[in-house]
Amino acid sequence: MHQLNHLFNHEPSPIEQIKASWAEQAGVALYIKRDELLRMGSGLALCGNKWRKLKYNLLAAESQGLSRLLTFGGAYSNHIAAVAAAGQAFGFDTVGIIRGEQPEILNPTLQMAISCGMQLVYVSRAQYRLRHDAGWQEQLLREYGPFYLLPEGGTNDLALKGAAELARETEQQQGSFDYYCLSAGTGGTMAGLIQGCAPGTTVLGFSALKGSFLQKEVSKLLGEGQEGVAWEVINHYHFGGYAKHQEPLLRYIRNFYQAYGIPLDPIYTGKMLYGLQQEIEQGRFPAGSRILALHTGGLQGILGFNERYGMDLPTA
Ligand SMILES: *Cc1c(COP(=O)(O)O)cnc(C)c1O
């Protein structure tokens, strides 16, 4: 039925050095782990951190005998896209509860979700806010169940477990790094990475969202007893918040692609690399530091962004 053994035999995603003058001038060695190239299923949706976060959840669903996944997300959500693609690739039925009215014309994310067989259920924003409510979840269970529930954004303990493997995989490939840098939304990938890191490492999470709630979120996810790994959320490279777009960021993404041939998305990885370059130039990192930037994926989101704003950012 499900071909979940695939989950465990994939090649590690490649790590490449970025030979940038701004890194050389600061005396740091900058690498990027191209987890966006770790792709499961067809299309761009199931890659990077969304894949890492789903992996153990899919195994849990199977071991609980549940053949349906239900989750929540916005209309452009990378997580919705990834769950839909995982359903198609591994033989789960999928239900996506989408925040807001059904749009007249479906964006690429929703089209892709439907083509993967996901059942989309549009709910008002007020209703959507009740997604943690036990009463509503029971009602969903009666309507669509039984299902394996994945939270919005896919962050739970099993997601952290999958993300933690990123650190071990990286170490096996390239030895230890002084810094890991990544984009953070819910903070789940960051928390998992912190748990997987060797003592002495510092993890820097660049928030894709406006506000300063992430530090607390990550603490909460980590719980007690996380010692030896320093970490920090950096809050000032959100470019106005989730899914806002600003010309300097778009220019950065285009230039980065021209220089290194690596596509970045404007919601997550673009902001992270932009911020990381600033931090390197401002001297945050001592000379001799080995820095690993994690490309968490997000490629499917570029399609929707391009369509929405009439852009042509590259996806490959
Ligand atoms: C979802 C996503 C993130 C955020 O991951 P969290 O675990 O929610 O912090 C970062 N990068 C990309 C490309 C994503 O799709």
# chains A, B, ... in the order shown; residues from 1 in each chain; ligands from 1
>>> closest_atom_pairs(of="chain A", to="ligand 1", cutoff="6 Å", atoms="only C-alpha atoms and all ligand atoms", output="Markdown table")
| residue | atom | partner | partner_atom_place_in_ligand_line | distance |
| --- | --- | --- | --- | --- |
| A:Asn78 | CA | ligand 1 | 15 (O) | 5.1 |
| A:Gly153 | CA | ligand 1 | 8 (O) | 5.4 |
| A:Ser183 | CA | ligand 1 | 10 (C) | 4.8 |
| A:Ala184 | CA | ligand 1 | 9 (O) | 3.6 |
| A:Gly185 | CA | ligand 1 | 9 (O) | 3.6 |
| A:Thr186 | CA | ligand 1 | 8 (O) | 3.6 |
| A:Gly187 | CA | ligand 1 | 9 (O) | 3.5 |
| A:Gly188 | CA | ligand 1 | 7 (O) | 3.7 |
| A:Thr189 | CA | ligand 1 | 7 (O) | 3.7 |
| A:Tyr268 | CA | ligand 1 | 11 (N) | 4.8 |
| A:Thr269 | CA | ligand 1 | 13 (C) | 5.8 |
| A:Thr296 | CA | ligand 1 | 13 (C) | 4.4 |
| A:Gly297 | CA | ligand 1 | 13 (C) | 4.1 |
| A:Gly298 | CA | ligand 1 | 13 (C) | 3.5 |
>>> write_last_selection(atoms="N, CA, C and O atoms", output="mmCIF file, in the first residue's frame")
data_model
loop_
_atom_site.group_PDB
_atom_site.id
_atom_site.type_symbol
_atom_site.label_atom_id
_atom_site.label_comp_id
_atom_site.auth_asym_id
_atom_site.auth_seq_id
_atom_site.Cartn_x
_atom_site.Cartn_y
_atom_site.Cartn_z
ATOM 1 N N ASN A 78 2.800 26.378 1.695
ATOM 2 C CA ASN A 78 3.717 25.298 1.292
ATOM 3 C C ASN A 78 3.356 23.994 1.987
ATOM 4 O O ASN A 78 3.570 22.905 1.445
ATOM 5 N N GLY A 153 1.001 24.350 9.332
ATOM 6 C CA GLY A 153 2.457 24.474 9.270
ATOM 7 C C GLY A 153 3.192 23.172 9.543
ATOM 8 O O GLY A 153 4.395 23.083 9.331
ATOM 9 N N SER A 183 15.487 29.835 7.734
ATOM 10 C CA SER A 183 14.283 30.642 7.834
ATOM 11 C C SER A 183 13.321 29.983 8.810
ATOM 12 O O SER A 183 13.265 28.763 8.918
ATOM 13 N N ALA A 184 12.563 30.803 9.535
ATOM 14 C CA ALA A 184 11.623 30.252 10.512
ATOM 15 C C ALA A 184 10.237 30.853 10.345
ATOM 16 O O ALA A 184 10.084 32.059 10.159
ATOM 17 N N GLY A 185 9.236 29.971 10.396
ATOM 18 C CA GLY A 185 7.826 30.383 10.355
ATOM 19 C C GLY A 185 7.164 30.044 11.675
ATOM 20 O O GLY A 185 6.947 30.896 12.523
ATOM 21 N N THR A 186 6.868 28.762 11.860
ATOM 22 C CA THR A 186 6.378 28.317 13.171
ATOM 23 C C THR A 186 7.535 28.075 14.136
ATOM 24 O O THR A 186 7.323 27.957 15.341
ATOM 25 N N GLY A 187 8.743 27.925 13.611
ATOM 26 C CA GLY A 187 9.905 27.621 14.445
ATOM 27 C C GLY A 187 10.137 26.124 14.638
ATOM 28 O O GLY A 187 11.088 25.730 15.301
ATOM 29 N N GLY A 188 9.298 25.312 14.025
ATOM 30 C CA GLY A 188 9.425 23.863 14.208
ATOM 31 C C GLY A 188 10.717 23.294 13.632
ATOM 32 O O GLY A 188 11.397 22.490 14.278
ATOM 33 N N THR A 189 11.056 23.725 12.440
ATOM 34 C CA THR A 189 12.287 23.225 11.829
ATOM 35 C C THR A 189 13.494 23.677 12.648
ATOM 36 O O THR A 189 14.422 22.905 12.893
ATOM 37 N N TYR A 268 10.407 32.825 2.397
ATOM 38 C CA TYR A 268 11.281 32.272 3.437
ATOM 39 C C TYR A 268 12.776 32.392 3.108
ATOM 40 O O TYR A 268 13.497 33.158 3.731
ATOM 41 N N THR A 269 13.226 31.589 2.141
ATOM 42 C CA THR A 269 14.681 31.453 1.974
ATOM 43 C C THR A 269 15.333 32.733 1.445
ATOM 44 O O THR A 269 16.496 33.003 1.766
ATOM 45 N N THR A 296 15.525 25.655 2.808
ATOM 46 C CA THR A 296 14.414 24.830 3.292
ATOM 47 C C THR A 296 13.379 24.508 2.219
ATOM 48 O O THR A 296 12.378 23.846 2.514
ATOM 49 N N GLY A 297 13.577 24.996 1.001
ATOM 50 C CA GLY A 297 12.631 24.639 -0.066
ATOM 51 C C GLY A 297 11.718 25.812 -0.411
ATOM 52 O O GLY A 297 12.177 26.898 -0.705
ATOM 53 N N GLY A 298 10.415 25.544 -0.401
ATOM 54 C CA GLY A 298 9.463 26.620 -0.668
ATOM 55 C C GLY A 298 9.289 26.944 -2.135
ATOM 56 O O GLY A 298 8.720 27.978 -2.491
#
>>> residues_around(residues="range 292-294 of chain A", least_positions_apart="3", cutoff="9 Å", atoms="only C-alpha atoms", output="PyMOL selection string")
chain A and resi 15+17+29-35+170+177-183+269+272-273+276+297
>>> closest_residue(among="A:Leu7, A:Leu299, A:Ala159, A:Cys116", to="Thr315 in chain A", atoms="only C-alpha atoms")
A:Leu299
>>> residues_around(residues="Ala113 in chain A", least_positions_apart="5", cutoff="9 Å", atoms="only C-alpha atoms", output="ChimeraX atom specification")
/A:80-85,96,108,118-120
>>> write_last_selection(atoms="C-alpha atoms", output="JSON list (two decimals), in the first residue's frame")
[["chain", "number", "residue", "atom", "x", "y", "z"],
["A", 80, "ILE", "CA", -0.87, 22.35, 2.25],
["A", 81, "ALA", "CA", 0.95, 21.68, -1.00],
["A", 82, "ALA", "CA", 3.35, 19.27, 0.67],
["A", 83, "VAL", "CA", 0.61, 17.30, 2.40],
["A", 84, "ALA", "CA", -1.32, 17.01, -0.86],
["A", 85, "ALA", "CA", 1.79, 15.78, -2.67],
["A", 96, "GLY", "CA", -7.10, 20.54, 3.42],
["A", 108, "PRO", "CA", -1.17, 27.29, -8.40],
["A", 118, "MET", "CA", -6.72, 16.68, -1.94],
["A", 119, "GLN", "CA", -10.23, 17.57, -0.88],
["A", 120, "LEU", "CA", -10.30, 21.30, -0.17]]
>>> atom_distance(atom1="CA of Ala61 in chain A", atom2="CA of Tyr148 in chain A")
5.8 Å
>>> select_by_dssp(residues="range 41-253 of chain A", states="strand (DSSP E)", output="PDB file with N, CA and C atoms, in the first residue's frame")
ATOM      1  N   ARG A  68      -5.989   8.587   6.016  1.00  0.00           N
ATOM      2  CA  ARG A  68      -6.396   9.941   5.604  1.00  0.00           C
ATOM      3  C   ARG A  68      -5.649  10.958   6.458  1.00  0.00           C
ATOM      4  N   LEU A  69      -5.141  11.988   5.792  1.00  0.00           N
ATOM      5  CA  LEU A  69      -4.471  13.093   6.495  1.00  0.00           C
ATOM      6  C   LEU A  69      -5.359  14.319   6.394  1.00  0.00           C
ATOM      7  N   LEU A  70      -5.506  15.022   7.497  1.00  0.00           N
ATOM      8  CA  LEU A  70      -6.269  16.278   7.463  1.00  0.00           C
ATOM      9  C   LEU A  70      -5.398  17.369   8.054  1.00  0.00           C
ATOM     10  N   THR A  71      -5.392  18.520   7.373  1.00  0.00           N
ATOM     11  CA  THR A  71      -4.582  19.618   7.896  1.00  0.00           C
ATOM     12  C   THR A  71      -5.174  20.970   7.530  1.00  0.00           C
ATOM     13  N   PHE A  72      -4.519  22.023   7.989  1.00  0.00           N
ATOM     14  CA  PHE A  72      -5.022  23.389   7.875  1.00  0.00           C
ATOM     15  C   PHE A  72      -3.976  24.277   7.211  1.00  0.00           C
ATOM     16  N   GLY A  73      -4.429  25.281   6.475  1.00  0.00           N
ATOM     17  CA  GLY A  73      -3.458  26.216   5.916  1.00  0.00           C
ATOM     18  C   GLY A  73      -4.100  27.323   5.104  1.00  0.00           C
ATOM     19  N   ASP A  93      -5.419   9.504   1.515  1.00  0.00           N
ATOM     20  CA  ASP A  93      -6.410  10.523   1.187  1.00  0.00           C
ATOM     21  C   ASP A  93      -6.019  11.780   1.943  1.00  0.00           C
ATOM     22  N   THR A  94      -6.314  12.942   1.373  1.00  0.00           N
ATOM     23  CA  THR A  94      -5.960  14.175   2.085  1.00  0.00           C
ATOM     24  C   THR A  94      -7.110  15.173   2.058  1.00  0.00           C
ATOM     25  N   VAL A  95      -7.271  15.849   3.187  1.00  0.00           N
ATOM     26  CA  VAL A  95      -8.264  16.917   3.307  1.00  0.00           C
ATOM     27  C   VAL A  95      -7.527  18.172   3.769  1.00  0.00           C
ATOM     28  N   GLY A  96      -7.715  19.266   3.045  1.00  0.00           N
ATOM     29  CA  GLY A  96      -7.101  20.536   3.422  1.00  0.00           C
ATOM     30  C   GLY A  96      -8.171  21.536   3.815  1.00  0.00           C
ATOM     31  N   ILE A  97      -8.109  21.998   5.052  1.00  0.00           N
ATOM     32  CA  ILE A  97      -9.045  23.036   5.501  1.00  0.00           C
ATOM     33  C   ILE A  97      -8.374  24.380   5.219  1.00  0.00           C
ATOM     34  N   ILE A  98      -8.955  25.134   4.294  1.00  0.00           N
ATOM     35  CA  ILE A  98      -8.300  26.343   3.785  1.00  0.00           C
ATOM     36  C   ILE A  98      -8.925  27.583   4.404  1.00  0.00           C
ATOM     37  N   ARG A  99      -8.078  28.482   4.853  1.00  0.00           N
ATOM     38  CA  ARG A  99      -8.540  29.721   5.481  1.00  0.00           C
ATOM     39  C   ARG A  99      -9.091  30.677   4.421  1.00  0.00           C
ATOM     40  N   GLN A 119      -8.898  16.958  -1.000  1.00  0.00           N
ATOM     41  CA  GLN A 119     -10.226  17.566  -0.884  1.00  0.00           C
ATOM     42  C   GLN A 119     -10.059  18.889  -0.157  1.00  0.00           C
ATOM     43  N   LEU A 120     -10.470  19.984  -0.783  1.00  0.00           N
ATOM     44  CA  LEU A 120     -10.299  21.304  -0.168  1.00  0.00           C
ATOM     45  C   LEU A 120     -11.607  21.764   0.446  1.00  0.00           C
ATOM     46  N   VAL A 121     -11.514  22.249   1.668  1.00  0.00           N
ATOM     47  CA  VAL A 121     -12.693  22.740   2.388  1.00  0.00           C
ATOM     48  C   VAL A 121     -12.394  24.173   2.802  1.00  0.00           C
ATOM     49  N   TYR A 122     -13.154  25.117   2.255  1.00  0.00           N
ATOM     50  CA  TYR A 122     -12.904  26.529   2.558  1.00  0.00           C
ATOM     51  C   TYR A 122     -13.740  26.957   3.755  1.00  0.00           C
ATOM     52  N   VAL A 123     -13.100  27.593   4.708  1.00  0.00           N
ATOM     53  CA  VAL A 123     -13.842  28.067   5.889  1.00  0.00           C
ATOM     54  C   VAL A 123     -13.522  29.552   6.114  1.00  0.00           C
ATOM     55  N   TYR A 148      -5.626  11.348  10.356  1.00  0.00           N
ATOM     56  CA  TYR A 148      -4.443  11.737  11.116  1.00  0.00           C
ATOM     57  C   TYR A 148      -4.345  13.249  11.007  1.00  0.00           C
ATOM     58  N   LEU A 149      -4.351  13.923  12.129  1.00  0.00           N
ATOM     59  CA  LEU A 149      -4.378  15.382  12.143  1.00  0.00           C
ATOM     60  C   LEU A 149      -2.972  15.970  12.133  1.00  0.00           C
ATOM     61  N   LEU A 150      -2.721  16.786  11.133  1.00  0.00           N
ATOM     62  CA  LEU A 150      -1.461  17.543  11.084  1.00  0.00           C
ATOM     63  C   LEU A 150      -1.792  19.003  11.364  1.00  0.00           C
ATOM     64  N   TYR A 179      27.901  27.663  12.798  1.00  0.00           N
ATOM     65  CA  TYR A 179      26.566  28.265  12.735  1.00  0.00           C
ATOM     66  C   TYR A 179      25.691  27.540  11.723  1.00  0.00           C
ATOM     67  N   TYR A 180      24.451  27.321  12.104  1.00  0.00           N
ATOM     68  CA  TYR A 180      23.416  26.918  11.153  1.00  0.00           C
ATOM     69  C   TYR A 180      22.444  28.088  11.042  1.00  0.00           C
ATOM     70  N   CYS A 181      22.080  28.433   9.819  1.00  0.00           N
ATOM     71  CA  CYS A 181      21.135  29.532   9.617  1.00  0.00           C
ATOM     72  C   CYS A 181      19.970  29.022   8.795  1.00  0.00           C
ATOM     73  N   LEU A 182      18.759  29.414   9.202  1.00  0.00           N
ATOM     74  CA  LEU A 182      17.597  28.965   8.454  1.00  0.00           C
ATOM     75  C   LEU A 182      16.466  29.958   8.608  1.00  0.00           C
ATOM     76  N   SER A 183      15.487  29.835   7.734  1.00  0.00           N
ATOM     77  CA  SER A 183      14.283  30.642   7.834  1.00  0.00           C
ATOM     78  C   SER A 183      13.321  29.983   8.810  1.00  0.00           C
ATOM     79  N   ALA A 184      12.563  30.803   9.535  1.00  0.00           N
ATOM     80  CA  ALA A 184      11.623  30.252  10.512  1.00  0.00           C
ATOM     81  C   ALA A 184      10.237  30.853  10.345  1.00  0.00           C
ATOM     82  N   THR A 202      25.855  27.122  17.015  1.00  0.00           N
ATOM     83  CA  THR A 202      24.865  28.183  17.207  1.00  0.00           C
ATOM     84  C   THR A 202      23.863  28.122  16.058  1.00  0.00           C
ATOM     85  N   VAL A 203      22.580  28.158  16.380  1.00  0.00           N
ATOM     86  CA  VAL A 203      21.531  28.134  15.353  1.00  0.00           C
ATOM     87  C   VAL A 203      20.869  29.512  15.298  1.00  0.00           C
ATOM     88  N   LEU A 204      20.858  30.093  14.106  1.00  0.00           N
ATOM     89  CA  LEU A 204      20.217  31.399  13.919  1.00  0.00           C
ATOM     90  C   LEU A 204      18.986  31.225  13.044  1.00  0.00           C
ATOM     91  N   GLY A 205      17.835  31.596  13.567  1.00  0.00           N
ATOM     92  CA  GLY A 205      16.592  31.518  12.806  1.00  0.00           C
ATOM     93  C   GLY A 205      16.179  32.899  12.343  1.00  0.00           C
ATOM     94  N   PHE A 206      15.992  33.057  11.058  1.00  0.00           N
ATOM     95  CA  PHE A 206      15.559  34.337  10.490  1.00  0.00           C
ATOM     96  C   PHE A 206      14.044  34.284  10.333  1.00  0.00           C
ATOM     97  N   SER A 207      13.342  35.099  11.087  1.00  0.00           N
ATOM     98  CA  SER A 207      11.887  35.035  11.074  1.00  0.00           C
ATOM     99  C   SER A 207      11.319  35.574   9.766  1.00  0.00           C
ATOM    100  N   ALA A 230      23.652  27.038  21.340  1.00  0.00           N
ATOM    101  CA  ALA A 230      23.129  28.402  21.451  1.00  0.00           C
ATOM    102  C   ALA A 230      22.186  28.658  20.279  1.00  0.00           C
ATOM    103  N   TRP A 231      21.168  29.457  20.496  1.00  0.00           N
ATOM    104  CA  TRP A 231      20.288  29.788  19.377  1.00  0.00           C
ATOM    105  C   TRP A 231      19.666  31.148  19.583  1.00  0.00           C
ATOM    106  N   GLU A 232      19.243  31.728  18.466  1.00  0.00           N
ATOM    107  CA  GLU A 232      18.692  33.078  18.516  1.00  0.00           C
ATOM    108  C   GLU A 232      17.758  33.272  17.325  1.00  0.00           C
ATOM    109  N   VAL A 233      16.649  33.946  17.574  1.00  0.00           N
ATOM    110  CA  VAL A 233      15.767  34.330  16.476  1.00  0.00           C
ATOM    111  C   VAL A 233      16.110  35.759  16.072  1.00  0.00           C
ATOM    112  N   ILE A 234      16.303  35.964  14.782  1.00  0.00           N
ATOM    113  CA  ILE A 234      16.598  37.308  14.265  1.00  0.00           C
ATOM    114  C   ILE A 234      15.331  37.832  13.595  1.00  0.00           C
TER     115      ILE A 234
END
>>> atom_distance(atom1="CA of Leu313 in chain A", atom2="CA of Arg52 in chain A")
24.8 Å
>>> decode(residues="range 268-304 of chain A", atoms="C-alpha atoms", output="mmCIF file, in the first residue's frame")
data_model
loop_
_atom_site.group_PDB
_atom_site.id
_atom_site.type_symbol
_atom_site.label_atom_id
_atom_site.label_comp_id
_atom_site.auth_asym_id
_atom_site.auth_seq_id
_atom_site.Cartn_x
_atom_site.Cartn_y
_atom_site.Cartn_z
ATOM 1 C CA TYR A 268 11.281 32.272 3.437
ATOM 2 C CA THR A 269 14.681 31.453 1.974
ATOM 3 C CA GLY A 270 15.143 34.784 0.161
ATOM 4 C CA LYS A 271 14.733 36.732 3.394
ATOM 5 C CA MET A 272 17.077 34.387 5.213
ATOM 6 C CA LEU A 273 19.916 34.714 2.704
ATOM 7 C CA TYR A 274 19.414 38.462 2.472
ATOM 8 C CA GLY A 275 19.598 38.722 6.241
ATOM 9 C CA LEU A 276 22.533 36.374 6.488
ATOM 10 C CA GLN A 277 24.544 38.411 3.987
ATOM 11 C CA GLN A 278 23.796 41.571 5.983
ATOM 12 C CA GLU A 279 24.862 39.896 9.201
ATOM 13 C CA ILE A 280 28.062 38.626 7.611
ATOM 14 C CA GLU A 281 28.866 42.064 6.239
ATOM 15 C CA GLN A 282 28.171 43.657 9.591
ATOM 16 C CA GLY A 283 30.711 41.400 11.234
ATOM 17 C CA ARG A 284 28.494 39.198 13.368
ATOM 18 C CA PHE A 285 30.636 36.144 12.640
ATOM 19 C CA PRO A 286 34.252 35.839 13.751
ATOM 20 C CA ALA A 287 36.780 35.211 10.979
ATOM 21 C CA GLY A 288 37.271 31.506 10.439
ATOM 22 C CA SER A 289 33.624 30.656 11.143
ATOM 23 C CA ARG A 290 32.035 27.847 9.198
ATOM 24 C CA ILE A 291 28.445 28.779 8.406
ATOM 25 C CA LEU A 292 25.787 26.518 6.972
ATOM 26 C CA ALA A 293 22.710 28.123 5.406
ATOM 27 C CA LEU A 294 19.834 25.725 5.094
ATOM 28 C CA HIS A 295 17.748 25.988 1.928
ATOM 29 C CA THR A 296 14.414 24.830 3.292
ATOM 30 C CA GLY A 297 12.631 24.639 -0.066
ATOM 31 C CA GLY A 298 9.463 26.620 -0.668
ATOM 32 C CA LEU A 299 9.748 26.364 -4.430
ATOM 33 C CA GLN A 300 6.070 25.735 -5.043
ATOM 34 C CA GLY A 301 5.276 29.055 -3.358
ATOM 35 C CA ILE A 302 7.240 30.878 -6.032
ATOM 36 C CA LEU A 303 4.677 29.851 -8.648
ATOM 37 C CA GLY A 304 1.829 31.447 -6.718
#
